[in-house]
Structures are given as C-alpha cells and as structure tokens.
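K.L.:
For reference, the structure I am asking about is given below.
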Amino acid sequence: MKVGKILKVSGPLVVAEGMEEANVYDVVQVSQNRLIGEIIEMREDRASIQVYEETTGIGPGEEVYTTGTPLSVELGPGMLEQIFDGIQRPLAALREEEGDFLLKGSQLPSLDREKLWDFVPKCAVGDKVQGGDILGTVQENAVIEHRIMVPPHVSGEVTRIEAGSFHVEDTVAIVKTEDGDRELSLLQRWPVRRGRPYLKKLDPTVPLVTGQRVVDTFFPVAKGGAAAIPGPFGSGKTVIQHQLAKWADAEIIVYVGCGERGNEMTDVLMEFPELLDPVSGESLMKRTVLIANTSNMPVAAREASIYTGITIAEYFRDMGYSVALMADSTSRWAEALREMSGRLEEMPGDEGYPAYLSSRVADFYERAGKVLSIGAEPREGALTVIGAVSPPGGDISEPVSQSTLRIVKVFWGLDYALSYARHFPAINWLNSYSLYQEKMDEYFDAHVDENFSANRKAAMVLLQEESGLQEIVRLVGRDTLSESDQLKLEVAKSLREDFLQQNAFHDVDTFCSLNKQNKMLGMILAFYHEAQKALGEGVYLGEIEKLPVRERIARSKYLSEEEEGALDDISREIRESIEGLIAQRRN
C-alpha cells in the first residue's frame, strides 16, 4: 500500500504529496484513523482528496494510504431491508458495534459476512456463460428472488458450480476464461461513478403507476423515465417522494436521503416496515434499500450517496426488475459539489456552482432507462429516477433546476400557494408537464378505458379555462359571468377538490387505482355534460348546485377499491337527477 503525506487540510478537502502512483477517483485512507477519502484531482505528485468523514484533529505530516481501487459498492444478497450511509456502510450494524454515533474511521463490510444464503444453480458444468448471464438464484426474502449474475466482462466455460448454503464471499462457481480460472461468489463490486453496461435502451411505453391521481392521470412518468419535483421549502416534495416510494408499482425501491432532515429518514424507517405491499402483502421494507446521508453527516459523502444509490438500482435493473430511485434532494448534492469545487479553487459558474454542474446532472439522470441486459438471454429491466430539487425561494430559474429540466421529461412543479391552502399533492396543473403523455395515453386507452385520454384532455381544458375565468371574477365578481361559465367554475372546483386533492394519510385515499381514477374523472365530467344539457333546457344553475348527488361526488374519493361499483351508481344518479330537473322545467 503506497503512502503519501498530508500537506493541507481544508474541511473535508485534504491535499497530500508523494501520490504519483495514485489515480483520480482512487479510494484512500487518511491518517492513523484510516478515514475513507477519494482522490478528485491530481497535480504532479499532489492529490486533492475529499474525505467522507469529519477531519477535525488531522494535520499536515500525517500519512495517506492508497488502495489503488475506485470507490465501489458491494452488490449481492443482503442489500434489501438495509439502511446504508452515503458510502454504503451498514448503519444498523455500526450502531450495534459503536452506539448511536459513528467513530472516526468506522468500517464494516457493507454486506453481512456471517449470514448463509441458499444458492440454487441455473446453469451446469460445461455451459458457456458471459457477463450478465444468471448463474443461479438466492431467495433473499419472501418477496424478492436475488439473481446471481456473471460479472460484466467475464465469459467462459463453467467448470464448477454447486448448490448449497454459502456466505457472500464463498466461491459458488468457477468459470474458465481466456485469462485463467475465475472464481465467482454471490458478491460482486462495481465502481459507483461508472454506469453498469446494458445491451440497448428500449422505448419506455409502460407507465409507472403511482396511485396518485394528479400524477397518473395528468402527468404520468414511464417506467425507465426520469422526473423532477422542484418546489420551495414546505411544498411537500418529501411527502410526494414517500408516497411514490410506498405505492409506485416498481418491484424494487431505492430511496436516497441526500442532505435532508434526519427526522424525514426516521419517518421512512418507522413507516415502511408497518406498510404492506399491495401486491405481496409483505412489509414494504422487503423490497426497499435506504441510503441515508442526512444534513448533519459529512458533506463529501453526500456527493457519493447519489452514485451509491443509482449503482445499487442498476444492479437490480440488470436482474430484470423494475426499479424506482427516489433522490431527495439533488440540490443538496449540487451544494456538496459547489463546496468541494470552492475548496479546490476551481473557476465558479452560475451562482458559484462548478462549471461542470450540467454534465454531472445529465450523467446522473441518463443512467435511468428501460434496457435489455447484457447476456446470452437478455432480460428487460427498467430504472426510473425521480429527483427532488429544492431551489432557494422556489425560483426554478436557478442552475440546479434548469440543469435538471433540460434532461428529465416529466416536471411536477410544486406550488407553495397550493400547499399553503392545504391542497396536496401541491403539483401545479398549469405549470407541470409530461413528455411521455402521448405514449401513456395510448397505453391507458388500450388497458384502462378507451375514453381515458379524452376525459383527461376535457378535464385539463376545464382547469385551464377556470384560470382565465378566475381573473374576471377577481376583477368584477362571479355574478357577471354567464351560468355556463359559472358551471365551468363549479366543475373545475370539483376537479381540484374531489379529484386532484388527495390525502396521503387516509387509509383509502392514499392510493387510487387507474380504474378508479378513470371512473371518478368520468363521473365529474358526466355531471358537467348533463348540467350543460339542463342549462340549455332552461334549468337554473342554483337548482343543479343543490342536488344531493353532489355530496356523493365529493365523497367518492373515500370509496374503497371494492366499492368501485358505487361510482357507476353515482353516475347513474347524476343522469336521473338532472333528467328529473329537466322534466320539471318542461312541465
């Protein structure tokens, strides 16, 4: 192990000399405490190192030890149900060893070396294998089958493979390659800053169903897509991320708490084990990996946490799973980049962020996608990335928001005025957009209801018209509007309050299936069309507004999935009630 000497310490940045044999992105161990760091710049024999732990007490003259390997994560059975820090140290295991606060230089293997896993081979001696092929499986828990894959860039003939119980580092197979025999275990390592290889990217055509009406119906994201949630403080970014993590129909969830409040990660840790996955009936934690780098943890590890999370997500994607990564929030990651860039004395770009901010953001979001895995029998997997952005003062013209919006195809713009009015999710339906809309409309029309996209467009037109009518109301009052326009305001209000507004803490309303969403929207639009017909027959708007069925429309969101038939009853009652008013007017 090569040894260098510290020249300067500036917060998490350490400059060391005598490092001519080291490379950029190599992991090093700093001082006698063996603090983990990573080389981010080389100038002759001097290395600038970002240290992922507190550097207080370290000074010039102390030693730096190089490992010669880049920052990597351990990929294998035992990742699910775990909570790691930004560099994949297992926090629960460290707590048992050291207590509630980590000691300097704390190190434990990311994956449990003592636990035995039952390995079931899927190939035999003599088989030809290549990178990405499945050697065998391990039943990690009741929900997820962990597929043990041949590491990328390894190919050859299987000369030994056996079933049995193994530790993660035990050899389960030997592959004869051109460079000699290669022993394969349940564990593989991968550098976090390099995307895992795949055969090709596919066109994302299937929606990631989230159970959130404003998302699924109006601004859907595709499996393998990328979405951004910019919004000011207090507008509900974290609650939406939690909702998506709980209810999105992805098979694996990777949740990265990047520089956020510790109590928000605590909420996840407290809630997820208690919530049941609607598909399997098991705890949501069974399919979840948590990466925690809260605001009081070292700033340098914050930058690494995003890459740690997405590398783990890519690994499950390569198995053929649909994976959703929640990054909360990428602004904190960008602030860590800015801090390290300032300490390196690099030329700053907009608002002090490094000039390479846009390329780093693009590199991250481009790792999303629906792909065919490498291997003799390619599998289809999808990695959906949803990143929260916290622009100061809610101003999305700042660099992080703009760099993000240039890359992602879905923009869920949060509005502080909506959150202040207790309207959640506080996604502004006039500002938000989804560039997957056309493909998603085709999917919904084919798989949910042929009128799904037509209903969505009609509802959006009403919401947009309401915005213009509200301007008139503010200037000269509602009574100056025609009854037809007043009806539009009433129906738009029903769309906002009875459809778009959703209670994350209500047992039923927290999740809404696509079928129920379609029936609810169709019911509100049916009321609009029937009421328009009644106005044409001379019925007064006041009579329509007093109909008892309107109360049933408002309460329909609280009907359980088993009571969906009641939505058809309400639609029938709407028609009968308004036809009754028309009949009275004619008589």
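Residue numbering restarts at 1 in every chain; chains get A, B, ... in the order shown in the structure tokens, and ligands count up from 1 in that same order.
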Mind checking which residues fall within 7 Å of stretch 63-72 of chain A, counting only C-alpha atoms, ignoring those fewer than 4 positions away in the same chain, and posting them as a VMD selection string?
P.N.:
chain A and resid 1 to 6 22 25 to 31 189 to 192
K.L.:
Name all residues at most 6 Å from stretch 291-307 of chain A (count only C-alpha atoms; drop same-chain ones fewer than 4 positions away) and give them as an MDAnalysis selection string.
P.N.:
chainID A and resid 52:53 83:86 192 256:262 333 336
K.L.:
Run DSSP on the backbone and tell me which residues of stretch 165-406 of chain A come out as alpha helix (DSSP H); list them as a VMD selection string.
P.N.:
chain A and resid 213 237 to 247 262 to 271 299 to 318 330 to 343 357 to 365 399 to 405
K.L.:
Can you write out the residues you just picked, keeping C-alpha atoms, as a tab-separated table (two decimals), in the first residue's frame?
P.N.:
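So part.tsv came out as:
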chain	number	residue	atom	x	y	z
A	213	ARG	CA	-54.32	10.88	-9.36
A	237	LYS	CA	-41.53	17.30	-2.01
A	238	THR	CA	-40.61	14.73	0.62
A	239	VAL	CA	-44.22	13.63	1.20
A	240	ILE	CA	-44.65	13.04	-2.55
A	241	GLN	CA	-41.35	11.11	-2.66
A	242	HIS	CA	-42.57	8.99	0.25
A	243	GLN	CA	-45.90	8.37	-1.49
A	244	LEU	CA	-44.17	7.30	-4.70
A	245	ALA	CA	-41.80	5.05	-2.76
A	246	LYS	CA	-44.76	3.42	-0.97
A	247	TRP	CA	-47.20	2.95	-3.82
A	262	GLY	CA	-32.84	13.27	9.86
A	263	ASN	CA	-36.45	13.11	11.04
A	264	GLU	CA	-37.60	12.54	7.44
A	265	MET	CA	-35.42	9.44	7.15
A	266	THR	CA	-36.78	8.42	10.56
A	267	ASP	CA	-40.32	8.67	9.14
A	268	VAL	CA	-39.32	6.26	6.35
A	269	LEU	CA	-37.74	3.84	8.82
A	270	MET	CA	-40.80	3.94	11.07
A	271	GLU	CA	-43.47	3.76	8.33
A	299	VAL	CA	-20.84	16.87	3.13
A	300	ALA	CA	-18.44	14.93	0.86
A	301	ALA	CA	-20.33	11.66	1.38
A	302	ARG	CA	-23.47	13.48	0.24
A	303	GLU	CA	-22.00	13.73	-3.24
A	304	ALA	CA	-21.21	9.99	-3.24
A	305	SER	CA	-24.63	8.92	-1.88
A	306	ILE	CA	-26.41	9.65	-5.18
A	307	TYR	CA	-23.98	7.43	-7.09
A	308	THR	CA	-24.14	4.68	-4.47
A	309	GLY	CA	-27.94	4.62	-4.78
A	310	ILE	CA	-28.09	4.55	-8.57
A	311	THR	CA	-25.43	1.81	-8.84
A	312	ILE	CA	-27.46	-0.42	-6.50
A	313	ALA	CA	-30.58	0.39	-8.56
A	314	GLU	CA	-28.81	-0.53	-11.83
A	315	TYR	CA	-27.78	-3.88	-10.33
A	316	PHE	CA	-31.42	-4.82	-9.64
A	317	ARG	CA	-32.42	-3.46	-13.06
A	318	ASP	CA	-29.91	-5.87	-14.64
A	330	THR	CA	-30.40	16.65	-5.73
A	331	SER	CA	-29.99	20.31	-4.69
A	332	ARG	CA	-28.10	19.16	-1.58
A	333	TRP	CA	-25.91	17.02	-3.82
A	334	ALA	CA	-25.21	20.05	-6.04
A	335	GLU	CA	-24.39	22.12	-2.95
A	336	ALA	CA	-21.83	19.48	-1.95
A	337	LEU	CA	-20.33	19.77	-5.45
A	338	ARG	CA	-20.19	23.55	-5.04
A	339	GLU	CA	-18.48	23.32	-1.67
A	340	MET	CA	-15.82	20.90	-2.91
A	341	SER	CA	-15.31	22.94	-6.09
A	342	GLY	CA	-14.75	26.07	-3.99
A	343	ARG	CA	-12.17	24.33	-1.82
A	357	LEU	CA	-22.76	21.01	-12.91
A	358	SER	CA	-24.92	20.43	-16.01
A	359	SER	CA	-22.82	17.48	-17.21
A	360	ARG	CA	-22.87	15.86	-13.74
A	361	VAL	CA	-26.66	16.21	-13.52
A	362	ALA	CA	-27.02	14.81	-17.05
A	363	ASP	CA	-24.71	11.87	-16.26
A	364	PHE	CA	-26.88	11.01	-13.27
A	365	TYR	CA	-30.31	11.18	-14.96
A	399	PRO	CA	-28.86	26.49	-12.13
A	400	VAL	CA	-29.74	23.14	-10.49
A	401	SER	CA	-33.41	23.31	-11.56
A	402	GLN	CA	-32.53	24.41	-15.09
A	403	SER	CA	-29.83	21.74	-15.50
A	404	THR	CA	-32.35	19.13	-14.32
A	405	LEU	CA	-35.22	20.28	-16.53
K.L.:
Report, in Å with one decimal, the straight-line distance from atom CA of A:Leu94 to atom CA of A:Val323.
P.N.:
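These two atoms are separated by 27.2 Å.
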K.L.:
Between A:Leu383, A:Ala534, A:Val508, A:Leu525, which residue has the minimum interatomic distance to A:Arg555, considering only C-alpha atoms?
P.N.:
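Of all the options, A:Val508 lies closest to A:Arg555.
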